[in-house]
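These notes are about the structure you will find just below.
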Amino acid sequence: MIGNDIIDLNETKRTTNWKRPGFLKKLFTETEQDIIANSDDPFTTVWQLWSMKESAYKVFIQAGGKPFYNPRRLACNLKAAHGEVLIESMLLKTDTIINANYIFSVAKKRETTAKNGIFKLDGLDIKKQSDVLKQQFLKYISVENNLNVHALAIRKSETGVPKLFNKNTKINVAFSLSHHGKYASYSILN
Amino acid sequence: MPDKDNMIAELKLIVKPYIQDEEGFENMHEGSDFINDLKINSANLIDVILDIEDKYDIVFDNESMDKMLNVRAALEIINQKISEKQ
(Lines give C-alpha, C1' and ligand atoms only; values in the text may rest on other atoms or scores of the structure.)
Protein backbone atom coordinates (compact mmCIF):
# COMPACT_ATOMS: atom_id res chain seq x y z
CA MET A 1 0.00 0.00 0.00
CA ILE A 2 1.16 3.51 -0.81
CA GLY A 3 -0.46 6.94 -0.66
CA ASN A 4 0.74 10.20 -2.15
CA ASP A 5 -0.34 13.83 -2.21
CA ILE A 6 0.84 16.85 -4.17
CA ILE A 7 0.06 20.47 -3.31
CA ASP A 8 0.59 23.23 -5.88
CA LEU A 9 1.79 26.12 -3.71
CA ASN A 10 0.49 28.87 -6.00
CA GLU A 11 -2.89 27.17 -6.21
CA THR A 12 -3.13 26.81 -2.46
CA LYS A 13 -2.22 30.47 -1.96
CA ARG A 14 -5.01 31.37 -4.35
CA THR A 15 -7.71 29.13 -2.87
CA THR A 16 -6.99 28.71 0.83
CA ASN A 17 -6.41 31.25 3.58
CA TRP A 18 -4.71 29.22 6.31
CA LYS A 19 -4.65 32.30 8.54
CA ARG A 20 -8.43 32.37 8.72
CA PRO A 21 -9.44 32.36 12.42
CA GLY A 22 -10.24 28.83 13.55
CA PHE A 23 -8.74 27.19 10.46
CA LEU A 24 -5.60 25.65 11.98
CA LYS A 25 -7.46 24.43 15.06
CA LYS A 26 -9.80 22.36 12.92
CA LEU A 27 -6.99 20.87 10.84
CA PHE A 28 -4.23 20.20 13.33
CA THR A 29 -3.62 18.57 16.71
CA GLU A 30 -2.18 20.68 19.54
CA THR A 31 1.28 19.19 18.89
CA GLU A 32 1.05 20.09 15.20
CA GLN A 33 -0.15 23.61 16.03
CA ASP A 34 2.99 24.00 18.19
CA ILE A 35 5.21 22.79 15.34
CA ILE A 36 3.59 25.39 13.05
CA ALA A 37 3.82 28.20 15.64
CA ASN A 38 7.55 27.50 16.13
CA SER A 39 8.34 27.14 12.44
CA ASP A 40 10.45 29.68 10.54
CA ASP A 41 8.15 29.19 7.58
CA PRO A 42 4.65 28.45 8.90
CA PHE A 43 3.07 28.49 5.42
CA THR A 44 5.30 25.65 4.24
CA THR A 45 4.91 23.73 7.50
CA VAL A 46 1.10 23.93 7.31
CA TRP A 47 1.05 22.41 3.83
CA GLN A 48 3.81 19.90 4.57
CA LEU A 49 1.77 18.50 7.48
CA TRP A 50 -1.40 18.59 5.41
CA SER A 51 0.19 16.63 2.53
CA MET A 52 1.45 14.06 5.06
CA LYS A 53 -2.09 13.61 6.39
CA GLU A 54 -3.59 13.30 2.92
CA SER A 55 -1.05 10.70 1.78
CA ALA A 56 -1.46 8.69 5.01
CA TYR A 57 -5.26 8.78 4.76
CA LYS A 58 -5.06 7.12 1.32
CA VAL A 59 -3.15 4.18 2.83
CA PHE A 60 -5.68 3.96 5.65
CA ILE A 61 -8.52 3.66 3.10
CA GLN A 62 -6.59 1.14 0.97
CA ALA A 63 -6.18 -0.95 4.12
CA GLY A 64 -9.96 -1.05 4.49
CA GLY A 65 -10.31 1.78 7.03
CA LYS A 66 -13.72 3.42 7.35
CA PRO A 67 -13.87 6.83 5.60
CA PHE A 68 -13.91 9.89 7.85
CA TYR A 69 -13.08 13.55 7.44
CA ASN A 70 -11.69 14.85 10.74
CA PRO A 71 -8.07 15.82 9.88
CA ARG A 72 -7.17 15.95 13.59
CA ARG A 73 -7.50 12.18 13.80
CA LEU A 74 -4.31 11.90 11.75
CA ALA A 75 -1.43 12.82 14.03
CA CYS A 76 1.83 13.91 12.40
CA ASN A 77 5.28 13.72 13.85
CA LEU A 78 8.30 15.29 12.12
CA LYS A 79 11.61 13.51 12.44
CA ALA A 80 14.93 14.49 10.90
CA ALA A 81 14.70 12.59 7.63
CA HIS A 82 11.17 11.23 7.67
CA GLY A 83 7.76 12.00 9.01
CA GLU A 84 5.28 9.75 10.72
CA VAL A 85 1.50 9.82 10.74
CA LEU A 86 -0.58 7.87 13.24
CA ILE A 87 -4.18 6.98 12.31
CA GLU A 88 -5.91 4.95 14.98
CA SER A 89 -3.41 2.10 15.49
CA MET A 90 -1.81 2.42 12.05
CA LEU A 91 1.59 4.11 11.95
CA LEU A 92 2.81 5.29 8.54
CA LYS A 93 6.20 6.54 7.41
CA THR A 94 6.20 9.58 5.16
CA ASP A 95 8.73 11.29 2.92
CA THR A 96 8.20 14.83 1.70
CA ILE A 97 9.75 16.84 -1.13
CA ILE A 98 9.46 20.61 -0.80
CA ASN A 99 10.46 23.15 -3.44
CA ALA A 100 9.31 26.57 -4.61
CA ASN A 101 6.48 25.12 -6.71
CA TYR A 102 4.99 22.20 -4.82
CA ILE A 103 5.00 20.00 -1.74
CA PHE A 104 4.82 16.28 -2.34
CA SER A 105 4.43 13.55 0.29
CA VAL A 106 4.42 9.76 0.08
CA ALA A 107 3.18 7.50 2.89
CA LYS A 108 3.99 3.80 3.32
CA LYS A 109 3.78 1.22 6.07
CA ARG A 110 7.48 0.46 5.92
CA GLU A 111 10.54 2.33 4.76
CA THR A 112 10.55 0.64 1.38
CA THR A 113 11.45 2.58 -1.73
CA ALA A 114 8.98 3.97 -4.23
CA LYS A 115 9.11 5.26 -7.77
CA ASN A 116 7.59 8.73 -8.02
CA GLY A 117 6.76 10.64 -11.18
CA ILE A 118 5.97 14.34 -10.87
CA PHE A 119 5.02 16.50 -13.84
CA LYS A 120 3.37 19.76 -14.78
CA LEU A 121 -0.13 20.00 -16.22
CA ASP A 122 -1.15 23.16 -17.94
CA GLY A 123 -4.42 24.88 -18.65
CA LEU A 124 -6.64 21.85 -18.20
CA ASP A 125 -9.86 21.54 -16.27
CA ILE A 126 -9.88 19.26 -13.27
CA LYS A 127 -11.40 16.25 -15.09
CA LYS A 128 -8.94 16.45 -17.99
CA GLN A 129 -6.09 16.70 -15.49
CA SER A 130 -7.18 13.47 -13.93
CA ASP A 131 -7.30 11.78 -17.36
CA VAL A 132 -3.84 13.05 -18.34
CA LEU A 133 -2.39 11.84 -15.04
CA LYS A 134 -3.88 8.36 -15.54
CA GLN A 135 -2.49 8.20 -19.08
CA GLN A 136 1.00 9.20 -17.93
CA PHE A 137 0.89 6.58 -15.21
CA LEU A 138 -0.33 3.84 -17.59
CA LYS A 139 2.34 4.79 -20.10
CA TYR A 140 5.01 4.37 -17.42
CA ILE A 141 3.60 0.99 -16.36
CA SER A 142 3.41 -0.24 -19.96
CA VAL A 143 7.03 0.66 -20.70
CA GLU A 144 8.38 -0.76 -17.41
CA ASN A 145 6.50 -4.05 -17.74
CA ASN A 146 6.44 -4.38 -21.50
CA LEU A 147 2.64 -4.30 -21.67
CA ASN A 148 0.35 -2.83 -24.28
CA VAL A 149 -0.80 0.54 -22.95
CA HIS A 150 -4.19 0.13 -24.65
CA ALA A 151 -4.87 -3.02 -22.64
CA LEU A 152 -4.27 -1.21 -19.35
CA ALA A 153 -7.01 0.49 -17.37
CA ILE A 154 -7.65 1.92 -13.95
CA ARG A 155 -10.88 1.06 -12.17
CA LYS A 156 -12.03 2.06 -8.76
CA SER A 157 -12.91 -0.56 -6.18
CA GLU A 158 -16.15 -0.35 -4.19
CA THR A 159 -14.34 1.69 -1.56
CA GLY A 160 -13.08 4.12 -4.22
CA VAL A 161 -9.50 2.82 -4.31
CA PRO A 162 -8.03 2.85 -7.85
CA LYS A 163 -6.79 -0.55 -9.09
CA LEU A 164 -4.79 -1.44 -12.18
CA PHE A 165 -6.08 -3.89 -14.77
CA ASN A 166 -4.48 -5.53 -17.82
CA LYS A 167 -7.05 -7.00 -20.23
CA ASN A 168 -9.56 -7.17 -17.38
CA THR A 169 -7.16 -8.99 -15.05
CA LYS A 170 -6.16 -7.16 -11.92
CA ILE A 171 -2.44 -6.46 -11.61
CA ASN A 172 -1.11 -6.31 -8.07
CA VAL A 173 0.75 -3.02 -8.17
CA ALA A 174 0.52 -0.69 -5.19
CA PHE A 175 0.18 2.85 -6.52
CA SER A 176 -1.30 6.24 -5.76
CA LEU A 177 -2.21 9.24 -7.94
CA SER A 178 -2.57 12.88 -6.94
CA HIS A 179 -3.01 16.18 -8.75
CA HIS A 180 -3.56 19.73 -7.61
CA GLY A 181 -3.36 23.03 -9.49
CA LYS A 182 -0.71 22.67 -12.19
CA TYR A 183 1.01 19.57 -10.78
CA ALA A 184 0.38 15.85 -10.98
CA SER A 185 2.14 12.85 -9.52
CA TYR A 186 2.10 9.08 -9.39
CA SER A 187 3.83 6.85 -6.84
CA ILE A 188 4.47 3.14 -7.23
CA LEU A 189 5.69 0.84 -4.47
CA ASN A 190 8.82 -1.05 -5.49
CA MET B 1 -37.28 21.55 12.24
CA PRO B 2 -36.28 23.56 9.14
CA ASP B 3 -37.50 22.28 5.79
CA LYS B 4 -34.95 19.95 4.16
CA ASP B 5 -35.11 21.50 0.67
CA ASN B 6 -34.52 24.93 2.14
CA MET B 7 -31.57 23.63 4.08
CA ILE B 8 -30.03 22.08 0.97
CA ALA B 9 -30.52 25.42 -0.82
CA GLU B 10 -28.77 27.22 2.05
CA LEU B 11 -25.95 24.70 2.03
CA LYS B 12 -25.57 25.17 -1.73
CA LEU B 13 -24.87 28.86 -1.20
CA ILE B 14 -22.26 28.00 1.43
CA VAL B 15 -20.37 25.44 -0.68
CA LYS B 16 -20.60 27.38 -3.98
CA PRO B 17 -17.27 29.26 -3.63
CA TYR B 18 -15.37 26.00 -3.10
CA ILE B 19 -16.84 23.53 -5.62
CA GLN B 20 -14.82 22.49 -8.67
CA ASP B 21 -17.47 20.39 -10.39
CA GLU B 22 -20.30 22.46 -11.84
CA GLU B 23 -22.35 19.45 -12.87
CA GLY B 24 -22.05 17.85 -9.44
CA PHE B 25 -23.01 21.19 -7.92
CA GLU B 26 -26.07 21.67 -10.16
CA ASN B 27 -27.25 18.18 -9.18
CA MET B 28 -26.30 18.50 -5.52
CA HIS B 29 -28.54 16.29 -3.39
CA GLU B 30 -28.49 14.57 -0.01
CA GLY B 31 -26.18 11.82 -1.22
CA SER B 32 -23.59 14.18 -2.76
CA ASP B 33 -20.08 13.61 -1.45
CA PHE B 34 -18.23 16.90 -0.87
CA ILE B 35 -14.85 15.69 -2.12
CA ASN B 36 -15.74 13.06 -4.75
CA ASP B 37 -18.88 14.61 -6.29
CA LEU B 38 -18.45 18.35 -5.77
CA LYS B 39 -14.63 18.16 -6.01
CA ILE B 40 -14.20 20.45 -3.03
CA ASN B 41 -10.53 20.54 -2.11
CA SER B 42 -10.13 18.74 1.21
CA ALA B 43 -8.53 21.79 2.87
CA ASN B 44 -11.43 23.96 1.66
CA LEU B 45 -13.84 21.63 3.43
CA ILE B 46 -12.56 23.32 6.60
CA ASP B 47 -13.81 26.61 5.11
CA VAL B 48 -17.21 25.04 4.48
CA ILE B 49 -17.30 23.89 8.13
CA LEU B 50 -16.28 27.32 9.43
CA ASP B 51 -18.90 28.98 7.20
CA ILE B 52 -21.59 26.61 8.52
CA GLU B 53 -20.50 27.33 12.10
CA ASP B 54 -20.78 31.08 11.46
CA LYS B 55 -24.13 30.91 9.70
CA TYR B 56 -25.91 28.69 12.23
CA ASP B 57 -23.90 29.72 15.31
CA ILE B 58 -22.93 26.13 16.08
CA VAL B 59 -19.64 24.32 16.76
CA PHE B 60 -18.48 21.12 15.08
CA ASP B 61 -17.14 18.72 17.70
CA ASN B 62 -14.86 15.76 16.95
CA GLU B 63 -17.74 13.44 16.15
CA SER B 64 -19.25 15.94 13.70
CA MET B 65 -15.86 16.40 12.02
CA ASP B 66 -15.56 12.63 11.54
CA LYS B 67 -18.94 12.47 9.77
CA MET B 68 -18.57 15.54 7.52
CA LEU B 69 -18.25 13.67 4.21
CA ASN B 70 -21.53 14.39 2.41
CA VAL B 71 -24.59 16.64 2.27
CA ARG B 72 -26.70 14.25 4.36
CA ALA B 73 -24.16 14.27 7.19
CA ALA B 74 -23.92 18.08 7.06
CA LEU B 75 -27.71 18.43 7.38
CA GLU B 76 -27.76 15.98 10.30
CA ILE B 77 -24.99 17.86 12.09
CA ILE B 78 -26.69 21.24 11.58
CA ASN B 79 -30.06 19.94 12.81
CA GLN B 80 -28.50 18.19 15.80
CA LYS B 81 -26.45 21.20 16.87
CA ILE B 82 -29.36 23.62 16.43
CA SER B 83 -31.65 21.38 18.52
CA GLU B 84 -29.00 21.13 21.26
CA LYS B 85 -28.99 24.93 21.53
CA GLN B 86 -32.73 25.11 22.22
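Labels for the C-alpha coordinates follow display order: chains A, B, ..., residues from 1 in each chain, ligands from 1.
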Residue hits in chain A, query chain B, radius 10 Å, only C-alpha atoms, as a ChimeraX atom specification: /A:12,15-18,20-27,47,50,54,67-73,125-127,160,180
Skip Thr96 of chain A itself and residues of its chain fewer than 5 positions away, then list as number ranges by chain all residues within 12 Å of it, counting only C-alpha atoms. A: 3-7, 44-45, 47-56, 78-84, 102-108, 116
Check segment 45-178 of chain A with DSSP on the backbone and list each residue it calls strand (DSSP E), as an NGL selection string. :A and (74-78 or 83-87 or 90-98 or 102-108 or 114-120 or 152-156 or 162-166 or 169-171 or 175-178)
Which one of A:Phe165, A:Phe60, A:Tyr183, A:Phe175 sits closest to Asp122 of chain A if you count only C-alpha atoms?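 Of the candidates, the smallest distance to Asp122 of chain A is held by A:Tyr183.
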Output as a ChimeraX atom specification all residues of segment 86-134 of chain A that backbone DSSP marks as alpha helix (DSSP H). /A:126-134
Min atom-atom distance to Lys4 of chain B from the set B:Lys16, B:Ser32, B:Arg72, B:Asp54, counting only C-alpha atoms, belongs to B:Arg72
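You can rank A:Asn166, A:Gly181, A:Asn101, A:Ile171 by their closest distance to Arg14 of chain A using only C-alpha atoms, and at the top of that list sits A:Gly181.
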Tell me which protein, DNA and RNA residues are within 12 Å of Asn148 of chain A, counting only C-alpha atoms, leaving out same-chain ones fewer than 4 positions away, and put them as a ChimeraX atom specification. /A:138-144,152-153,165-167
Distance of atom CA of Leu9 of chain A from atom CA of Lys182 of chain A, expressed in Å to one decimal place: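 We find that atom CA of Lys182 of chain A and atom CA of Leu9 of chain A lie 9.5 Å from each other.
Each of A:Leu177, A:Leu189, A:Thr29, A:Gly65 was compared to Glu88 of chain A using only C-alpha atoms, and A:Gly65 turns out to be the nearest.
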